[in-house]
$ cat upload23.txt   # compact mmCIF, C-alpha atoms
# COMPACT_ATOMS: atom_id res chain seq x y z
CA GLU S 19 -46.83 -99.19 88.58
CA CYS S 20 -46.10 -99.85 84.96
CA ASN S 21 -42.82 -101.43 83.99
CA SER S 22 -44.39 -104.15 81.87
CA PHE S 23 -44.80 -102.44 78.53
CA ILE S 24 -43.33 -103.31 75.15
CA LEU S 25 -42.39 -101.17 72.19
CA ARG S 26 -42.79 -102.57 68.69
CA LYS S 27 -43.17 -101.58 65.06
CA ALA S 28 -46.80 -100.85 64.19
CA GLU S 29 -48.67 -103.42 62.09
CA PRO S 30 -51.78 -103.01 59.88
CA LYS S 31 -53.96 -104.17 62.81
CA ASP S 32 -52.78 -101.16 64.84
CA VAL S 33 -54.33 -98.61 62.48
CA SER S 34 -57.47 -98.00 64.57
CA ASP S 35 -55.38 -97.51 67.73
CA ILE S 36 -53.05 -95.14 65.85
CA LEU S 37 -56.02 -93.05 64.70
CA ARG S 38 -57.48 -93.06 68.22
CA LEU S 39 -54.18 -91.80 69.68
CA ILE S 40 -53.77 -89.18 66.91
CA LYS S 41 -57.23 -87.87 67.87
CA GLU S 42 -56.39 -87.93 71.59
CA LEU S 43 -53.26 -85.89 70.97
CA ALA S 44 -55.22 -83.49 68.74
CA LYS S 45 -57.85 -83.16 71.51
CA PHE S 46 -55.04 -82.21 73.92
CA GLU S 47 -54.18 -79.44 71.42
CA LYS S 48 -57.93 -78.59 71.17
CA MET S 49 -57.92 -79.50 67.46
CA GLU S 50 -59.79 -82.82 67.42
CA GLU S 51 -62.20 -81.89 64.58
CA GLN S 52 -59.19 -81.10 62.39
CA VAL S 53 -58.31 -84.79 62.17
CA ILE S 54 -59.89 -85.77 58.86
CA LEU S 55 -57.57 -88.72 58.21
CA THR S 56 -59.34 -92.09 58.10
CA GLU S 57 -58.28 -95.63 59.04
CA LYS S 58 -58.38 -96.52 55.34
CA GLU S 59 -55.88 -93.76 54.48
CA LEU S 60 -53.62 -94.68 57.39
CA LEU S 61 -53.66 -98.28 56.16
CA GLU S 62 -52.88 -97.43 52.51
CA ASP S 63 -50.35 -94.76 53.35
CA GLY S 64 -48.47 -96.68 56.04
CA PHE S 65 -48.66 -100.28 54.93
CA GLY S 66 -48.74 -100.18 51.14
CA ASP S 67 -45.82 -100.63 48.71
CA HIS S 68 -44.39 -97.28 49.63
CA PRO S 69 -44.96 -96.30 53.25
CA PHE S 70 -45.32 -92.54 53.74
CA TYR S 71 -44.86 -92.88 57.50
CA HIS S 72 -43.64 -95.37 60.13
CA CYS S 73 -44.95 -95.95 63.62
CA VAL S 74 -43.64 -97.34 66.87
CA VAL S 75 -46.37 -98.33 69.35
CA ALA S 76 -46.25 -98.92 73.11
CA GLU S 77 -48.37 -101.79 74.37
CA VAL S 78 -49.24 -103.04 77.85
CA PRO S 79 -50.54 -106.50 78.84
CA GLU S 80 -54.35 -106.92 78.98
CA HIS S 81 -54.45 -106.89 82.77
CA LYS S 82 -52.77 -103.46 82.71
CA GLN S 83 -55.12 -101.98 80.08
CA SER S 84 -56.20 -98.32 80.19
CA SER S 85 -59.30 -97.26 82.09
CA ASP S 86 -61.18 -97.23 78.74
CA GLY S 87 -59.98 -100.73 77.83
CA TYR S 88 -57.01 -100.21 75.50
CA THR S 89 -53.67 -102.00 75.46
CA VAL S 90 -51.94 -99.80 72.83
CA ILE S 91 -51.27 -96.76 75.01
CA GLY S 92 -48.62 -94.70 73.19
CA PHE S 93 -47.11 -94.15 69.77
CA ALA S 94 -44.60 -92.23 67.71
CA MET S 95 -45.04 -91.49 64.01
CA TYR S 96 -41.96 -90.66 61.94
CA TYR S 97 -40.64 -90.63 58.38
CA PHE S 98 -37.40 -89.91 56.58
CA THR S 99 -36.56 -86.51 55.15
CA TYR S 100 -33.52 -85.28 53.23
CA ASP S 101 -31.13 -82.45 53.95
CA PRO S 102 -29.27 -81.39 50.78
CA TRP S 103 -26.12 -80.76 52.84
CA ILE S 104 -25.94 -83.93 54.90
CA GLY S 105 -28.47 -86.38 53.52
CA LYS S 106 -31.02 -88.51 55.37
CA LEU S 107 -32.76 -87.28 58.50
CA LEU S 108 -35.38 -88.89 60.71
CA TYR S 109 -38.37 -86.62 61.20
CA LEU S 110 -40.47 -87.18 64.31
CA GLU S 111 -44.02 -86.16 63.43
CA ASP S 112 -46.23 -87.24 66.34
CA PHE S 113 -45.31 -88.56 69.77
CA TYR S 114 -47.88 -89.36 72.48
CA VAL S 115 -48.34 -91.49 75.60
CA MET S 116 -51.81 -91.70 77.20
CA LYS S 117 -51.98 -89.61 80.36
CA GLU S 118 -52.48 -92.47 82.82
CA PHE S 119 -49.31 -94.17 81.51
CA ARG S 120 -46.95 -91.23 81.85
CA GLY S 121 -44.09 -91.01 84.32
CA TYR S 122 -42.93 -94.60 83.80
CA GLY S 123 -40.25 -93.92 81.23
CA ILE S 124 -42.32 -95.03 78.22
CA GLY S 125 -41.71 -91.75 76.39
CA SER S 126 -37.98 -91.93 77.09
CA ASP S 127 -37.87 -95.49 75.79
CA ILE S 128 -39.74 -94.53 72.62
CA LEU S 129 -37.25 -91.74 72.04
CA LYS S 130 -34.42 -94.21 72.60
CA VAL S 131 -35.86 -96.60 69.96
CA LEU S 132 -36.22 -93.68 67.55
CA SER S 133 -32.61 -92.64 68.19
CA GLU S 134 -31.44 -96.21 67.51
CA THR S 135 -33.48 -96.27 64.31
CA ALA S 136 -32.00 -92.96 63.19
CA VAL S 137 -28.44 -94.12 63.83
CA LYS S 138 -29.04 -97.53 62.22
CA THR S 139 -30.49 -95.99 59.05
CA ARG S 140 -27.55 -93.59 58.85
CA CYS S 141 -29.47 -90.41 59.55
CA SER S 142 -27.42 -87.40 60.58
CA SER S 143 -30.01 -85.93 62.85
CA MET S 144 -33.61 -86.16 64.08
CA HIS S 145 -35.86 -83.15 63.44
CA PHE S 146 -39.29 -82.30 64.83
CA ILE S 147 -41.37 -79.24 65.61
CA VAL S 148 -42.63 -78.16 69.00
CA ALA S 149 -45.18 -75.45 69.74
CA GLU S 150 -43.41 -72.55 71.38
CA TRP S 151 -45.85 -72.60 74.34
CA ASN S 152 -45.27 -76.29 75.11
CA LYS S 153 -42.72 -75.79 77.89
CA SER S 154 -42.72 -79.35 79.27
CA SER S 155 -42.06 -80.87 75.82
CA ILE S 156 -39.34 -78.30 75.11
CA GLU S 157 -37.66 -79.20 78.41
CA PHE S 158 -38.04 -82.97 77.73
CA TYR S 159 -36.22 -82.57 74.41
CA LYS S 160 -33.61 -80.06 75.59
CA ARG S 161 -32.59 -82.47 78.38
CA ARG S 162 -31.74 -84.91 75.60
CA GLY S 163 -29.62 -82.50 73.62
CA ALA S 164 -32.21 -80.87 71.35
CA SER S 165 -31.52 -77.40 70.02
CA ASP S 166 -34.06 -74.90 68.72
CA LEU S 167 -33.23 -74.31 65.05
CA SER S 168 -35.93 -71.67 64.77
CA ASP S 169 -34.04 -69.75 67.42
CA GLU S 170 -30.50 -70.47 66.24
CA GLU S 171 -31.05 -70.21 62.52
CA GLY S 172 -34.26 -68.21 62.19
CA TRP S 173 -36.13 -70.81 60.17
CA ARG S 174 -39.88 -70.29 59.81
CA LEU S 175 -42.24 -73.02 58.60
CA TYR S 176 -44.51 -72.07 55.71
CA ALA S 177 -47.46 -73.79 54.05
CA ILE S 178 -49.21 -73.40 50.69
CA ASP S 179 -52.58 -75.06 51.01
CA LYS S 180 -54.42 -77.13 48.41
CA ASP S 181 -56.65 -74.33 47.14
CA ASP S 182 -53.63 -72.21 46.37
CA LEU S 183 -51.76 -75.19 44.91
CA LEU S 184 -54.68 -75.69 42.51
CA LYS S 185 -54.61 -72.00 41.64
CA ILE S 186 -50.88 -72.10 40.95
CA SER S 187 -51.02 -75.28 38.90
CA ALA S 188 -53.84 -73.93 36.75
CA LYS S 189 -52.33 -70.51 36.02
CA LYS S 190 -51.28 -69.77 32.43
CA ARG S 191 -47.65 -68.72 31.85
CA MET V 22 -35.24 -66.47 27.33
CA ASP V 23 -38.17 -68.83 27.02
CA ARG V 24 -36.27 -71.84 25.73
CA PHE V 25 -35.97 -73.65 29.01
CA LYS V 26 -37.25 -77.11 29.86
CA LEU V 27 -38.28 -78.66 33.16
CA ARG V 28 -38.00 -82.40 33.72
CA LYS V 29 -37.61 -85.07 36.40
CA ALA V 30 -33.98 -85.53 37.42
CA GLU V 31 -32.18 -88.65 36.25
CA PRO V 32 -29.07 -90.39 37.68
CA LYS V 33 -26.88 -88.49 35.17
CA ASP V 34 -28.02 -85.19 36.76
CA VAL V 35 -26.41 -85.98 40.12
CA PRO V 36 -23.22 -83.91 39.51
CA ASP V 37 -25.34 -80.91 38.47
CA ILE V 38 -27.63 -81.33 41.48
CA LEU V 39 -24.64 -81.32 43.82
CA ARG V 40 -23.16 -78.30 42.03
CA LEU V 41 -26.43 -76.35 42.47
CA ILE V 42 -26.80 -77.46 46.11
CA LYS V 43 -23.32 -76.01 46.72
CA GLU V 44 -24.15 -72.82 44.83
CA LEU V 45 -27.24 -72.28 46.96
CA ALA V 46 -25.23 -73.05 50.12
CA LYS V 47 -22.57 -70.54 48.98
CA TYR V 48 -25.33 -67.92 48.62
CA GLU V 49 -26.19 -68.65 52.29
CA GLU V 50 -22.43 -68.52 53.11
CA MET V 51 -22.48 -72.18 54.19
CA GLU V 52 -20.69 -73.91 51.32
CA ASP V 53 -18.31 -75.90 53.54
CA GLN V 54 -21.32 -77.39 55.35
CA VAL V 55 -22.25 -79.46 52.29
CA LEU V 56 -20.90 -82.89 53.17
CA LEU V 57 -23.11 -84.83 50.78
CA THR V 58 -21.33 -86.60 47.89
CA GLU V 59 -22.46 -87.57 44.39
CA LYS V 60 -22.44 -91.20 45.57
CA ASP V 61 -24.85 -90.36 48.45
CA LEU V 62 -27.13 -88.43 46.10
CA LEU V 63 -27.16 -91.32 43.62
CA GLU V 64 -27.94 -94.02 46.22
CA ASP V 65 -30.44 -91.91 48.11
CA GLY V 66 -32.32 -90.53 45.10
CA PHE V 67 -32.21 -93.29 42.53
CA GLY V 68 -32.18 -96.53 44.52
CA ASP V 69 -35.12 -98.81 45.40
CA HIS V 70 -36.49 -96.31 47.84
CA PRO V 71 -35.85 -92.68 46.86
CA PHE V 72 -35.42 -90.40 49.87
CA TYR V 73 -35.86 -87.31 47.69
CA HIS V 74 -37.10 -86.26 44.25
CA CYS V 75 -35.72 -83.54 41.98
CA ILE V 76 -36.97 -81.42 39.14
CA VAL V 77 -34.26 -79.80 37.01
CA ALA V 78 -34.43 -76.82 34.67
CA GLU V 79 -32.20 -76.93 31.62
CA VAL V 80 -31.43 -74.52 28.78
CA PRO V 81 -29.69 -75.09 25.45
CA SER V 82 -25.96 -74.57 25.76
CA GLU V 83 -24.52 -71.24 24.58
CA ASN V 84 -21.14 -72.83 24.16
CA PRO V 85 -20.70 -74.02 20.56
CA SER V 86 -18.34 -76.82 21.63
CA ASN V 87 -20.88 -78.16 24.16
CA ASN V 88 -23.54 -80.37 22.61
CA GLY V 89 -26.10 -80.95 25.31
CA PRO V 90 -28.34 -78.64 27.35
CA VAL V 91 -27.11 -77.19 30.63
CA VAL V 92 -28.85 -77.61 33.98
CA ILE V 93 -29.37 -74.13 35.50
CA GLY V 94 -31.94 -74.68 38.24
CA PHE V 95 -33.51 -77.35 40.44
CA ALA V 96 -36.00 -78.13 43.16
CA MET V 97 -35.58 -80.98 45.63
CA TYR V 98 -38.68 -82.30 47.40
CA TYR V 99 -40.04 -85.35 49.22
CA PHE V 100 -43.29 -86.51 50.79
CA THR V 101 -44.08 -86.03 54.44
CA TYR V 102 -47.12 -87.03 56.51
CA ASP V 103 -49.45 -84.95 58.63
CA PRO V 104 -51.33 -87.13 61.16
CA TRP V 105 -54.47 -84.99 60.73
CA ILE V 106 -54.69 -84.81 56.95
CA GLY V 107 -52.20 -87.26 55.46
CA LYS V 108 -49.66 -86.74 52.66
CA LEU V 109 -47.86 -83.45 52.16
CA LEU V 110 -45.25 -82.37 49.62
CA TYR V 111 -42.22 -80.88 51.34
CA LEU V 112 -40.10 -78.49 49.26
CA GLU V 113 -36.55 -78.81 50.56
CA ASP V 114 -34.33 -76.86 48.16
CA PHE V 115 -35.21 -74.51 45.32
CA PHE V 116 -32.62 -72.60 43.28
CA VAL V 117 -32.18 -70.96 39.86
CA MET V 118 -28.71 -69.72 38.89
CA GLU V 119 -28.50 -65.93 39.16
CA GLU V 120 -28.03 -65.18 35.48
CA TYR V 121 -31.20 -67.16 34.63
CA ARG V 122 -33.53 -65.40 37.04
CA GLY V 123 -36.35 -63.08 36.05
CA PHE V 124 -37.54 -65.27 33.17
CA GLY V 125 -40.26 -67.14 35.04
CA ILE V 126 -38.26 -70.34 35.52
CA GLY V 127 -38.82 -70.31 39.30
CA SER V 128 -42.55 -69.75 38.81
CA GLU V 129 -42.75 -72.64 36.37
CA ILE V 130 -40.90 -74.91 38.79
CA LEU V 131 -43.33 -73.98 41.54
CA LYS V 132 -46.23 -74.60 39.16
CA LEU V 133 -44.91 -78.08 38.37
CA LEU V 134 -44.43 -78.79 42.09
CA SER V 135 -47.99 -77.64 42.78
CA HIS V 136 -49.27 -79.92 40.03
CA THR V 137 -47.25 -82.84 41.45
CA ALA V 138 -48.66 -82.17 44.93
CA VAL V 139 -52.25 -82.14 43.67
CA LYS V 140 -51.72 -85.23 41.47
CA THR V 141 -50.27 -87.25 44.35
CA ARG V 142 -53.18 -86.20 46.56
CA CYS V 143 -51.20 -84.03 48.95
CA SER V 144 -53.20 -81.60 51.06
CA SER V 145 -50.52 -78.94 51.19
CA MET V 146 -46.94 -78.05 50.32
CA HIS V 147 -44.66 -77.16 53.23
CA PHE V 148 -41.20 -75.59 53.25
CA ILE V 149 -39.09 -73.42 55.50
CA VAL V 150 -37.81 -69.96 54.73
CA ALA V 151 -35.20 -68.02 56.70
CA GLU V 152 -36.92 -65.09 58.40
CA GLY V 153 -34.40 -62.66 56.85
CA ASN V 154 -35.10 -63.75 53.29
CA GLN V 155 -37.63 -61.07 52.29
CA ALA V 156 -37.47 -61.74 48.53
CA SER V 157 -38.35 -65.42 49.00
CA ILE V 158 -41.01 -64.65 51.60
CA GLU V 159 -42.69 -62.25 49.14
CA PHE V 160 -42.37 -64.74 46.25
CA TYR V 161 -44.21 -67.36 48.30
CA LYS V 162 -46.75 -65.04 49.92
CA ARG V 163 -47.81 -63.82 46.45
CA ARG V 164 -48.72 -67.43 45.77
CA GLY V 165 -50.80 -67.88 48.91
CA ALA V 166 -48.18 -69.12 51.36
CA ALA V 167 -48.91 -68.68 55.05
CA ASP V 168 -46.30 -68.43 57.79
CA LEU V 169 -47.17 -71.34 60.09
CA SER V 170 -44.43 -70.32 62.50
CA LEU V 171 -46.25 -67.03 62.94
CA GLU V 172 -49.83 -68.34 62.88
CA GLU V 173 -49.33 -71.46 64.93
CA GLY V 174 -46.13 -70.79 66.84
CA TRP V 175 -44.27 -73.84 65.57
CA ARG V 176 -40.52 -73.93 66.17
CA LEU V 177 -38.21 -76.36 64.38
CA PHE V 178 -35.95 -78.43 66.64
CA LYS V 179 -33.19 -80.90 65.99
CA ILE V 180 -31.32 -83.59 67.92
CA ASP V 181 -27.93 -84.16 66.39
CA LYS V 182 -26.14 -87.45 65.83
CA SER V 183 -23.92 -87.25 68.89
CA SER V 184 -26.95 -86.75 71.11
CA LEU V 185 -28.81 -89.51 69.24
CA LEU V 186 -25.90 -91.86 69.94
CA LYS V 187 -25.93 -90.86 73.58
CA MET V 188 -29.67 -91.55 73.80
CA SER V 189 -29.55 -94.84 71.96
CA SER V 190 -26.79 -96.26 74.10
CA GLY V 191 -27.58 -94.49 77.39
CA PRO V 192 -28.44 -96.17 80.70
CA GLU V 193 -32.01 -97.38 81.38
CA GLU V 194 -34.06 -94.80 83.22
$ encode --input "upload23.txt" --output "structure tokens"
Amino acid sequence: ECNSFILRKAEPKDVSDILRLIKELAKFEKMEEQVILTEKELLEDGFGDHPFYHCVVAEVPEHKQSSDGYTVIGFAMYYFTYDPWIGKLLYLEDFYVMKEFRGYGIGSDILKVLSETAVKTRCSSMHFIVAEWNKSSIEFYKRRGASDLSDEEGWRLYAIDKDDLLKISAKKR
Amino acid sequence: MDRFKLRKAEPKDVPDILRLIKELAKYEEMEDQVLLTEKDLLEDGFGDHPFYHCIVAEVPSENPSNNGPVVIGFAMYYFTYDPWIGKLLYLEDFFVMEEYRGFGIGSEILKLLSHTAVKTRCSSMHFIVAEGNQASIEFYKRRGAADLSLEEGWRLFKIDKSSLLKMSSGPEE
């Protein structure tokens, strides 16, 4: 039974838990070695003059800690993006609750806090990507009103990686 | 046609930015969807915390009665955050007026964006392209862009304001 959890804004002290949970989520996607971000970068990038991301963390009391001894047992990472037609949007980047703490409404509560944040900061919408094979996540979001823009509008996400960025920026006219 | 100049947008460019946003939307047959105002663009782009950045392309005016240069293209971008690798540059809008295409202005804008991404220690540049837009897809693929939607199966979702309001004020689960 787990109805004694709190949700709060992440603080600098949470950086090692955030990295741990990022790696756990990556492991779930079988991509753990792809996480090259360090605690130092998370600290600079999230808690410096200009935060590049924001985090909400879910915490349980010590006596309810996880089987491996942690009290920070879930998180959501988000930032603000900009739609040239409607302005500010809240972009949900990562969202994860440790397996043993699922089914208690923690995820729903996190999403509720994010929705409140989006409305309070005058965002028109919340965007996020979901892997097309992740049926349970797709259902979770669709139950809350999410629509698949890739489906409806045919948008495809592209990337130009650093090597190619260097090539482009070094090319003569 | 090589007398064009690229520079960071300034507050005075806001009317031109909005004009070009609407022109690009018109090209996508969505002009009436642009609800953003000059006031929003000014607050959101040139306040304490910019939610977007713009590069503008200007050319000398052909009109003898017009003294200053004319803005004929722009790119709007902002920084996002990948939990595995950190900062990314996200290219949101990118447009050169039709009569000024074919002179390498778009390529130079992309070069400047690539340089900005590398300078600000971004690992990659991301952007979305409509799957029907073959000309743009080719333009980007020539420069090393990879279709993450294809390679990794990512689909872009959104939760709109009305659903956000429902979630943020809904009953406890």
$ atom_distance --input "upload23.txt" --atom1 "atom CA of S:Phe158" --atom2 "atom CA of S:Gly123"
11.7 Å
$ closest_residue --input "upload23.txt" --among "S:Met116, S:Met95, S:Met144, S:Ala76" --to "S:Lys45" --atoms "all atoms listed in the file"
S:Met116
$ residues_around --input "upload23.txt" --residues "V:Val35" --least-positions-apart "3" --cutoff "7 Å" --atoms "all atoms listed in the file" --output "PDB file with C-alpha atoms, in the coordinates of the input"
ATOM      1  CA  PRO V  32     -29.070 -90.390  37.680  1.00  0.00           C
ATOM      2  CA  ILE V  38     -27.630 -81.330  41.480  1.00  0.00           C
ATOM      3  CA  LEU V  39     -24.640 -81.320  43.820  1.00  0.00           C
ATOM      4  CA  GLU V  59     -22.460 -87.570  44.390  1.00  0.00           C
ATOM      5  CA  LEU V  62     -27.130 -88.430  46.100  1.00  0.00           C
ATOM      6  CA  LEU V  63     -27.160 -91.320  43.620  1.00  0.00           C
TER       7      LEU V  63
END
$ closest_residue --input "upload23.txt" --among "V:Ile93, V:Ala78, V:Leu171, V:Val55" --to "chain S" --atoms "all atoms listed in the file"
V:Val55
$ residues_around --input "upload23.txt" --residues "V:Val80" --least-positions-apart "3" --cutoff "10 Å" --atoms "only C-alpha atoms" --output "PyMOL selection string"
chain V and resi 22-27+83+89-94+121
$ residues_around --input "upload23.txt" --residues "stretch 50-54 of chain V" --least-positions-apart "5" --cutoff "12 Å" --atoms "all atoms listed in the file" --output "list in words"
Asp101, Pro102, Trp103, Ile104 and Gly105 of chain S; Leu39, Arg40, Leu41, Ile42, Lys43, Glu44 and Leu45 of chain V
$ write_last_selection --input "upload23.txt" --atoms "C-alpha atoms" --output "compact mmCIF listing (two decimals), keeping the file's coordinate frame"
# COMPACT_ATOMS: atom_id res chain seq x y z
CA ASP S 101 -31.13 -82.45 53.95
CA PRO S 102 -29.27 -81.39 50.78
CA TRP S 103 -26.12 -80.76 52.84
CA ILE S 104 -25.94 -83.93 54.90
CA GLY S 105 -28.47 -86.38 53.52
CA LEU V 39 -24.64 -81.32 43.82
CA ARG V 40 -23.16 -78.30 42.03
CA LEU V 41 -26.43 -76.35 42.47
CA ILE V 42 -26.80 -77.46 46.11
CA LYS V 43 -23.32 -76.01 46.72
CA GLU V 44 -24.15 -72.82 44.83
CA LEU V 45 -27.24 -72.28 46.96
$ axis_aligned_box --input "upload23.txt" --around "stretch 106-109 of chain V" --padding-each-side "6 Å" --output "lines of an AutoDock Vina configuration file"
center_x = -51.3
center_y = -85.4
center_z = 54.6
size_x = 18.8
size_y = 15.8
size_z = 16.8
